[in-house]
Each structure stands twice: as structure tokens, then as C-alpha cells.
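J.: The structure under discussion is supplied below as C-alpha cells; questions concerning it will follow.
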Amino acid sequence: MGTRGGGLYVGRRAAAVGAALLLALLVALLALAALYGRCRQEAAPPPSPRAPGPAAPPPPAPAAGSVRRLPRHLLPLHYDLELWPRVRPGQAGPFAFTGQVNITVRCLQDTDAVVLHSAGLRSRGAAAVRGPLSEPGAAVEVAGLRQDEAGEVAVLELRGRLRAGRRYVLQLGFQGRLEEDLDGLFLTRYTDRGQSSMLIASQMEPTYARRVYPCFDEPAMKATFNIRIIHDPSYVALSNMPAIDVSEVKDENGSLWTVTTFNTSLKMSTYLTAFVICDFDYVTRTERGNEIRIWARKEAVKNGYVDYAVNITGPIFSFLEDILNVSYPLPKTDLVALPDFGAGGMENWGLMIFQEASLMNLPSDEFTSRKAMIALIVSHELGHQWFGNLVTMNWWNDLWLNEGLASYFEYLGATFVEPKLSLDKIFYAHVVQPVLREDSEIARSLSESEDKIKGSFSLMSLFDNITYSKGASITWMLSGFLTEKLFIRALTSYLKEFSFSNANQDDLWTHIQMVVDAQDEVQLPAPVKQIMDSWTCQNGFPVLTLNLTSGTIRQEQFFNKNNRKSTDSYNNTWIIPISWMRNGSSQPLTWLDKSSKMFPEMQVSESDYDWILLNVNLSGYYRVNYDQLNLKRLAHLLENDPKVRSYLFSQAYDFGYVPIETALELTKYLAREDELFIWNVVLLNLIPENLESTLKNHEVYPLLKKYLLKRMLPIYHYYAGFIRQNADALEDDYFAQVYLEKLLATACWLGLQDCLDLSSELYAKWRDNPEYKIPFLIRRTVCCYGVAAGSDKEWNFAWEMYNHTNSVEEDEDILLYAMSCAKESWLLYRFACHRNMSSMKNGTNSNKQFFCKYNMWAIRS
């Protein structure tokens, strides 16, 4: 659900200076804060106008937040499932659905009760158990059906016993409410071609299938499915497999409904079952026999909003098939763009569901960043077709095997179809760097024990950046030290052995070890499991400190001020692959497998030109700290080589090991840095959004303004020229599209007069001609400072455009933000008043208006 190779190789001197520079720059800010005290922050197309045993006595209800596991007495083999949402177009609520499920099971252990998942459903008709199936006409009498709402299970108490080794069919009718909550089976409303419409869709991950039909709702309890959906004739029904029959049926009132029957599914987990009932159009392509259809609102399809998505989906499929050497096993794939959906995308086999903003772009929008976002999301969900759908984790504690691996392959797939993107840069910028910051604050390992997840975690809390981004980062590091060739070979072996089944992370380590043992090019210092468990089974990550005089590297767990928890079970020790270079020359990979170790080859001479850089390809999931000697030499190199391009990656910050003098010397070079990718790292760490309001009021602000603006001017003027003359020329510059807003916002916030004038100039052009479009890349900042520098005329124009009938959601958000930038308190109050009048439950309109006018008069006075 959803957001390589050998890793990144940086130019030799560039990489050397890069790691040191960000360290120094960030520490400089901390140092200034300490000295002066009290120091303290993409375009979418127009959207439419989210167990114990079964025998008595019953098991106790689970504790709040825990997850009930089912007993293993029964194994589901096949579901025959009928769903009937009782919804007609234009119908008023409340809405309901009914259904019938017949589950073929194999009994593994004698039992006199059946326990399966059911949540929020009521029984409809009498439950029955047929079998053993080897005895025609046989049945086991059901004494009663008990619902345990707290445990989300239903218990069928039997008068006889189910016998081990025999097969039975559980027959249950059910009914439920169709809500608008974006979970389970839900209804959502939208507008298409000016008409109000509604559709029905599903979201089952992680444990919402039980809200739709009684089932064995655990990822390892896979089965095949025969599904049929009864629906209004004006709708089309979609599910995991192709439709094989469409017929008609009458309800109890004689009204006609359509019955769509689907082919038998592959063996899969319940959370991957999917249903959509809608009045959408689609575009289609066929790739290697796989019929790909993208469904969306009729207006969106007609206007070409999903053309880009349909054009890249097939090539990404083929890319993944080729690299993994495992064919996609389904004959069709539907991708559905919902006007309202709780996730960016969901990977259901054969029927992927997306938030429409994640799947659409305007045909006229040539900006790489917009296409990149769509390519990344689509590629992530396609990666799941292998990692999650074909091979599924045994239990949610190893969710990273689904999400981490899909997150890794999303970048490979996206850069395959958008070669303008730099894989290494965007992976580090979007994945590694953010999760390193977050991982230092979260006390959770990537792979937790089953008992811990079962007993104390909400499963939804596992769908976080640790699972997605740390999982992808660890995968990137693994591919880096194995080589991509061996890594992919191991993944292919893993996928083929566990196809249509389940695995845990030890199964993956086993297949990697098999590949490593079968060759002699890559030598590891320890078994794969021992190496990788040190990264997945303990919290956080290490920081390495290099002493050049002794050649000693020390590792310790990285801490920030909010996280001082230890990972005692592993003694805060990781087995760390270290790529490194000396004086610009790459050196053989080395390993640190203890808390401290001496590397004689890393001892340096007295020459100012003898320096060392660790983690040169930045595939290592750790930070690096250098001693003062190395930093001074890096500073010397930087100051004397104006052609050096640095990747200011945040390898180290939040700890003050670097002397102030060294830090300031290193940051002087920034006036020659014209890479927005690097400047974003600098600004992200120097000026977090949540500190802007407080920083400006303290003594450090004028110091930072003078120091930073002097270095920002060259890159600011470079991009300001594009903005004034031809912003469209930046359509292929991904990092300009992603990071230019931050640069401009910082320049304006620091009081750069040209930035303020530019914002006022562009905002005035828009106010004079509403058909004029402020470049999207900087629209938020321009609108904010255009209003801030103006009077009530500028504010009124923003309010007018906000209420414009054709304004889209993203523009509305920008305008709301802009109106909050007004400097006059009475304007801010007027905005709050207008926004809140509609929510005043009591009083006449005249009373409301008097209330607003009186308070605005008081403020202005």
C-alpha cells in the first residue's frame, strides 16, 4: 500500500567534500544558537468538486489495540463469495449490502467450533457446515453462532466435530452497512461532468476484509476466490479477475439487477480481494498479453488525464518481469482512480486502486516532477505484484518484506520510464535522508517479533516510514554490498520458491546466503542473517567516528536529544559495510563488525592533501563523523577548488563534535553552489518550517540573514531569471520543480528585496489578469508574499479567487495559506470570520454579520 543497484557513486572530490560540508554547516547553526541564545520550515490535475482455541469457555477479549490471531484448526482453501450492495444511482442513504460466502476448508485438528473473522457484520439466515465432502450430503449441525465484536471474530459452535484431514464447506449469509469511511467496502460521492454521482469500492488492508465478509483474515491463510457481484445495471463491476459472465436477477420487489461473475482467482490473501462498482470510463493498452485498463471519471478520461499512467504501466510491468525473471501471472490489470481514497494506492491483485491525484496529470503538463510522482506511485504498486501479492509476509511483523521491497523497486521502475531522473539523487533525497532523521526518534525495529505486534501494536502503525523507507534503504545497502547481480539472483530464487505462499525475513536471508555461497567474488564477514538481523532487529542506526591519526573507526548508536533509548539485545553494534576513498581514489569495501576497530590503511600523513571519505556511494544506512584534522583538510580542498561539486548529504548532524571555526570555514563555499538538490538539504536543516516564526524574533535571525543571504544570492538570481523570463524552461529540471519553492520562500523570509518585489510583481500580474498563471513551482510563496506586501485589495482578490466556482482543491489550499500571510490583524480576523460563519449553529444571519463587523472594528481601532 501506498511515496539502486550498486548504490550511488559520487565524483571523487565531490563526494569527499560533500559529507563534511553538511556536517559543518549544520553544526555552525547549532554553535550560533548556543552563542546567541534562544535560537531557535506537486501539481495535481483538477480533482472532482478515506486466537485462542475454539472450544468453550470462550477466550478472553483481546486488549485494546491488540490483534486476535485465529486458531489453526482449519485451513481455508476456496471462497465462493457473493456481494450485493443495495445502491441505486441518486438514492439517499443509509446504504447496506448483503452477501453469502461459502468457504471450503481443510480440517487440520479435530474441533467442535469454527472461529473466523467477522467485524460489524450481522448474520443473515442460518449458518451451515456441509461435509465431510467425501461423504455426499453429509453435514455437521450448527448449535449457534456467536459474534465477538471486541475480538472481531465469529464462532460457530457445533453439535458434532470436524475431523482432521477432512474437507468441509462453511456457509454463512451476512449483511452490513455501507459507510463513507474509505475502509472495507465503502461508498464515495463525487462530481463528474457537473453531475453528482457515487461509487462503491473496497480497501481491505490490513484487516478490513472481515468487515466485508466472514473470512480467515490473516495474510498466511491464502485461498482461491470465485466472486460475483450484484449491482445496479447502470454500473460496471470490477474485481481481481476478468468477468466471465453477466446476467440478471430480480430482487424481492421484482426490480432488476445485474450479476457480474468473475473467473477463479489465484491463491491470495484476503486483504488483496478487491471490488469496485462504478460508472467510469477507461483507456486500455495490452502488454505481453496483460490487458491494462485505467478507469476514471468520464470527464478525466475524455480530457486525457490518465493517458500518461496507461502509457507507463505496461513498460514498468515488463521491466519488473525482466529484471526479476518471474512473469506476472494474471491476464488483466485494472487501475482505478477514485476521487476519494484513503491511501495513495493499493496493490490488490488485478485491481489496483488509487487516489485520483496519484494517477492523473494534465496532458499539457510536461513537468518532470508531476510525471515522476505518478511513475513512483504506479511503480510501487506494480512492485507489490511480486512482493506482497505473489509472495506475502507470514505475518504483519515482517510487513517490510512487502513495503520495503516495493519501495525499493518503485525507484527502479520510475527511473526506467523517466530516464531524466537521477536514481541515486532522488532515492537519497526522498528515501534515505528523511528516514535517517525519523529513525533517530522512533523506538521500533524494522522487524518486530510476532508476539509484540500481536500484543501491543495497532497494525496501522506499522504502515510508516520505518517500514517503507528504512526497509527500502536497508535493501539498497544490501544490494550495494552484494552487487545488484547477486541480489537480483537471490530475489528471483526467493520469489520462485515462495510463489502463491508466504515467507518471513529469514527465508529471504536463506536465499541470499545460497547465492553468496555459490560464488567467490563477494566475500562477507559473517552469515547474511547475522549481518542483516543487526539492521532489521534493533532500533535506530549507527554513527561512525573516524580518527585519522590512529586510523580507528568507532561505532555507536546515533542519538538525538529526543532519543536516548538503547538496543541492549544487540549491544548497539551493527555489522557495517564501509565504502571509502582516499585522496579521490576508491578503496576496497571494508567492514566494521565490532564497536571499535583500527584500520592501518586509514592512517594519514601530514600532507594537507591526504584525506579520507567514508560511505562514498551513500548506500550505507548510517551517519559519519570526522575528526577536526580531516574536516580542515576537506575545507582546504574546497576553498582551493572552485569547480568542486558537492553532494551536501546530511551524513551527520545533531551533535556538536566540530569546532565552530572549522564549521564556518567549510560553509564559505556555498556561494558557488548552484545545485538545488544540495541547497534543499542545507535549508531543510537550517530553517525547519516549525521554527521560522520563533527564529525571526531572536538575535540569531539577523546573523543568519546576513550570513546565508550572501551565499544564496547567486543561485537565487540564477533561478529568478528563469521565473521572470521563461519558467517553462525548467520543465525537465526535476529538482527545480521540487525544491525551488523552498529556496524562494527562504529568500523572501530572510527579507531579500528582489524576492519580495518578484512576488508582488507576479501576484499583481495575476490580479490584473486572472487568466495569467503564476508559475506553479512557486505559486504558494508568490501568493503568500503578494498578499503580505499588499493591502486589502490583494487580500480581497485572494478571497475572491478562493470562492471561484472553478477553483481546484490545490489552488484553494494555496489561497488559504496566502490569506493567512496578511500582516494586518483585521484582515486575518475577517478571513477567520468568513470561514467560521457557516459553522455558527445558532443565531440569525444578521447576528452573525454584526458579530463579525463589531469584532473587525474593534481590531482596527
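Please note that chains go A, B, ... in the order of the C-alpha cells, that every chain numbers its residues from 1, and that ligands are numbered from 1 in the order shown.
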Residues at most 7 Å from Glu82 of chain A, counting only C-alpha atoms, excluding those fewer than 3 positions away in the same chain, as a list in words?

T.: Gly99, Gln100, Val101, Ile227, Arg228 and Ile229 of chain A

J.: Any chance you can output those residues with N, CA and C atoms as a short mmCIF file (atom, residue, chain, number, x, y, z; two decimals), in the first residue's frame?

T.:
```cif
data_model
loop_
_atom_site.label_atom_id
_atom_site.label_comp_id
_atom_site.auth_asym_id
_atom_site.auth_seq_id
_atom_site.Cartn_x
_atom_site.Cartn_y
_atom_site.Cartn_z
N GLY A 99 -24.78 -10.41 1.50
CA GLY A 99 -23.88 -11.33 0.83
C GLY A 99 -24.00 -12.75 1.34
N GLN A 100 -23.33 -13.62 0.64
CA GLN A 100 -23.27 -15.04 1.02
C GLN A 100 -21.85 -15.51 0.74
N VAL A 101 -21.27 -16.22 1.69
CA VAL A 101 -19.94 -16.78 1.47
C VAL A 101 -19.96 -18.26 1.84
N ILE A 227 -15.88 -14.99 -7.25
CA ILE A 227 -16.60 -13.80 -6.78
C ILE A 227 -17.68 -13.44 -7.79
N ARG A 228 -18.83 -13.08 -7.27
CA ARG A 228 -19.85 -12.48 -8.12
C ARG A 228 -20.44 -11.30 -7.38
N ILE A 229 -20.75 -10.25 -8.16
CA ILE A 229 -21.26 -9.00 -7.60
C ILE A 229 -22.59 -8.68 -8.25
#
```

J.: Near Gly413 of chain A, within 9 Å and counting only C-alpha atoms, which residues show up once chain neighbours fewer than 3 positions away are dropped, as number ranges by chain?

T.: A: 315-317, 319-320, 375-376, 378-380, 382-383, 409-410, 416-418

J.: Quick check for you: according to DSSP on this backbone, which residues of segment 680-784 of chain A are classed as alpha helix (DSSP H)? Reply as number ranges by chain.

T.: A: 680-686, 692-695, 700-725, 734-749, 753-768, 779-784

J.: Contacts of Val604 of chain A at 10 Å or less, counting only C-alpha atoms, minus same-chain residues fewer than 6 places along, as a list in words?

T.: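 Counting only C-alpha atoms, the residues come to Asn547, Leu548, Thr549, Ser550, Gly551, Arg582, Asp610, Trp611, Ile612, Leu629 and Asn630 of chain A.
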
J.: Show which residues sit within 9 Å of segment 493-502 of chain A, as number ranges by chain. Count only C-alpha atoms, and ignore same-chain residues fewer than 5 positions away.

T.: A: 219-220, 222, 266-268, 324, 326, 386-395, 488, 507-508, 510-512, 515

J.: Now that the selection is made, can you save its residues with C-alpha atoms as a short mmCIF file (atom, residue, chain, number, x, y, z; two decimals), in the first residue's frame?

T.:
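Ended up saving to out.cif:
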```cif
data_model
loop_
_atom_site.label_atom_id
_atom_site.label_comp_id
_atom_site.auth_asym_id
_atom_site.auth_seq_id
_atom_site.Cartn_x
_atom_site.Cartn_y
_atom_site.Cartn_z
CA PRO A 219 -2.05 -12.97 5.32
CA ALA A 220 -0.82 -16.58 5.57
CA LYS A 222 -4.38 -17.84 1.40
CA LEU A 266 -5.14 -17.16 -7.97
CA LYS A 267 -4.31 -18.19 -4.44
CA MET A 268 -4.13 -14.98 -2.43
CA LEU A 324 13.13 -10.41 -11.64
CA VAL A 326 9.34 -14.01 -12.91
CA TRP A 386 5.65 -9.70 -6.81
CA PHE A 387 6.50 -8.50 -3.28
CA GLY A 388 3.27 -8.85 -1.34
CA ASN A 389 0.87 -10.47 -3.79
CA LEU A 390 2.88 -13.35 -5.24
CA VAL A 391 4.96 -13.80 -2.07
CA THR A 392 3.36 -12.44 1.07
CA MET A 393 4.86 -11.99 4.53
CA ASN A 394 3.76 -14.64 7.04
CA TRP A 395 2.54 -12.02 9.47
CA ILE A 488 18.53 -9.92 -8.03
CA ASP A 507 13.55 -17.07 4.24
CA LEU A 508 14.94 -14.12 2.30
CA THR A 510 18.45 -18.05 3.34
CA HIS A 511 18.11 -17.45 -0.39
CA ILE A 512 20.67 -14.65 -0.33
CA VAL A 515 23.58 -17.26 -3.80
#
```

J.: What does the distance between atom CA of Ile474 of chain A and atom CA of Ile453 of chain A come to in Å, to one decimal place?

T.: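 About the pair atom CA of Ile474 of chain A and atom CA of Ile453 of chain A: they are 21.0 Å apart.
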
J.: Write out as a compact mmCIF listing (two decimals) with N, CA and C atoms, in the first residue's frame the residues lying within 12 Å of Glu291 of chain A, counting only C-alpha atoms and excluding same-chain residues fewer than 3 positions away.

T.:
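Output contents, as saved in part-v6.txt:
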```txt
# COMPACT_ATOMS: atom_id res chain seq x y z
N MET A 241 -10.21 -10.60 -10.89
CA MET A 241 -10.09 -11.38 -12.12
C MET A 241 -11.01 -10.84 -13.21
N PRO A 242 -10.83 -11.27 -14.45
CA PRO A 242 -11.72 -10.83 -15.52
C PRO A 242 -13.15 -11.34 -15.31
N TYR A 282 -12.77 4.09 -19.32
CA TYR A 282 -11.39 3.63 -19.18
C TYR A 282 -10.63 3.81 -20.48
N VAL A 283 -9.30 3.80 -20.35
CA VAL A 283 -8.41 3.69 -21.51
C VAL A 283 -7.65 2.37 -21.33
N THR A 284 -7.19 1.81 -22.42
CA THR A 284 -6.60 0.47 -22.31
C THR A 284 -5.37 0.33 -23.20
N ARG A 285 -4.46 -0.53 -22.77
CA ARG A 285 -3.29 -0.96 -23.53
C ARG A 285 -3.09 -2.43 -23.21
N THR A 286 -2.40 -3.14 -24.08
CA THR A 286 -2.06 -4.54 -23.82
C THR A 286 -0.55 -4.68 -23.84
N GLU A 287 0.02 -5.30 -22.83
CA GLU A 287 1.45 -5.51 -22.71
C GLU A 287 1.72 -6.97 -22.43
N ARG A 288 2.35 -7.64 -23.38
CA ARG A 288 2.69 -9.06 -23.23
C ARG A 288 1.48 -9.90 -22.82
N ILE A 294 -7.16 1.60 -17.35
CA ILE A 294 -7.19 2.61 -16.30
C ILE A 294 -8.55 3.28 -16.32
N VAL A 310 -1.43 5.22 -18.28
CA VAL A 310 -1.61 4.00 -19.07
C VAL A 310 -0.41 3.75 -19.96
N THR A 313 2.43 2.14 -17.50
CA THR A 313 2.16 0.94 -16.70
C THR A 313 2.71 -0.32 -17.36
N GLY A 314 2.44 -0.49 -18.65
CA GLY A 314 2.93 -1.68 -19.34
C GLY A 314 4.45 -1.78 -19.35
N PHE A 317 5.67 -2.90 -15.97
CA PHE A 317 5.41 -4.33 -15.82
C PHE A 317 6.52 -5.14 -16.50
N TYR A 328 4.44 -11.99 -14.63
CA TYR A 328 3.21 -11.58 -13.97
C TYR A 328 2.14 -12.62 -14.27
N LEU A 330 -1.25 -12.82 -13.97
CA LEU A 330 -2.66 -12.53 -14.26
C LEU A 330 -2.86 -12.12 -15.71
N PRO A 331 -4.07 -12.35 -16.25
CA PRO A 331 -4.32 -11.96 -17.65
C PRO A 331 -4.76 -10.52 -17.81
N LYS A 332 -5.10 -9.82 -16.71
CA LYS A 332 -5.55 -8.43 -16.83
C LYS A 332 -5.16 -7.67 -15.58
N THR A 333 -5.09 -6.35 -15.76
CA THR A 333 -4.83 -5.46 -14.63
C THR A 333 -5.67 -4.21 -14.79
N ASP A 334 -6.52 -3.94 -13.82
CA ASP A 334 -7.28 -2.69 -13.78
C ASP A 334 -6.67 -1.76 -12.74
N LEU A 335 -6.51 -0.50 -13.12
CA LEU A 335 -6.10 0.55 -12.19
C LEU A 335 -7.24 1.55 -12.14
N GLY A 350 -4.67 -7.57 -9.67
CA GLY A 350 -5.58 -7.43 -10.79
C GLY A 350 -6.50 -6.23 -10.73
N LEU A 351 -6.59 -5.57 -9.56
CA LEU A 351 -7.48 -4.42 -9.42
C LEU A 351 -6.85 -3.43 -8.43
```

J.: Using only C-alpha atoms for the distances, tell me which of A:Glu252, A:Asp733, A:Asp768, A:Glu556 is nearest to Asp593 of chain A.

T.: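 Nearest candidate to Asp593 of chain A out of A:Glu252, A:Asp733, A:Asp768, A:Glu556: A:Glu556.
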
J.: Which residues come within 10 Å of segment 529-541 of chain A, counting only C-alpha atoms, excluding same-chain residues fewer than 5 positions away, as a ChimeraX atom specification?

T.: /A:398,400,436,438-449,466,470-471,474-475,478,505-510,512-513,524,555-559,563,565-577,593,621-623
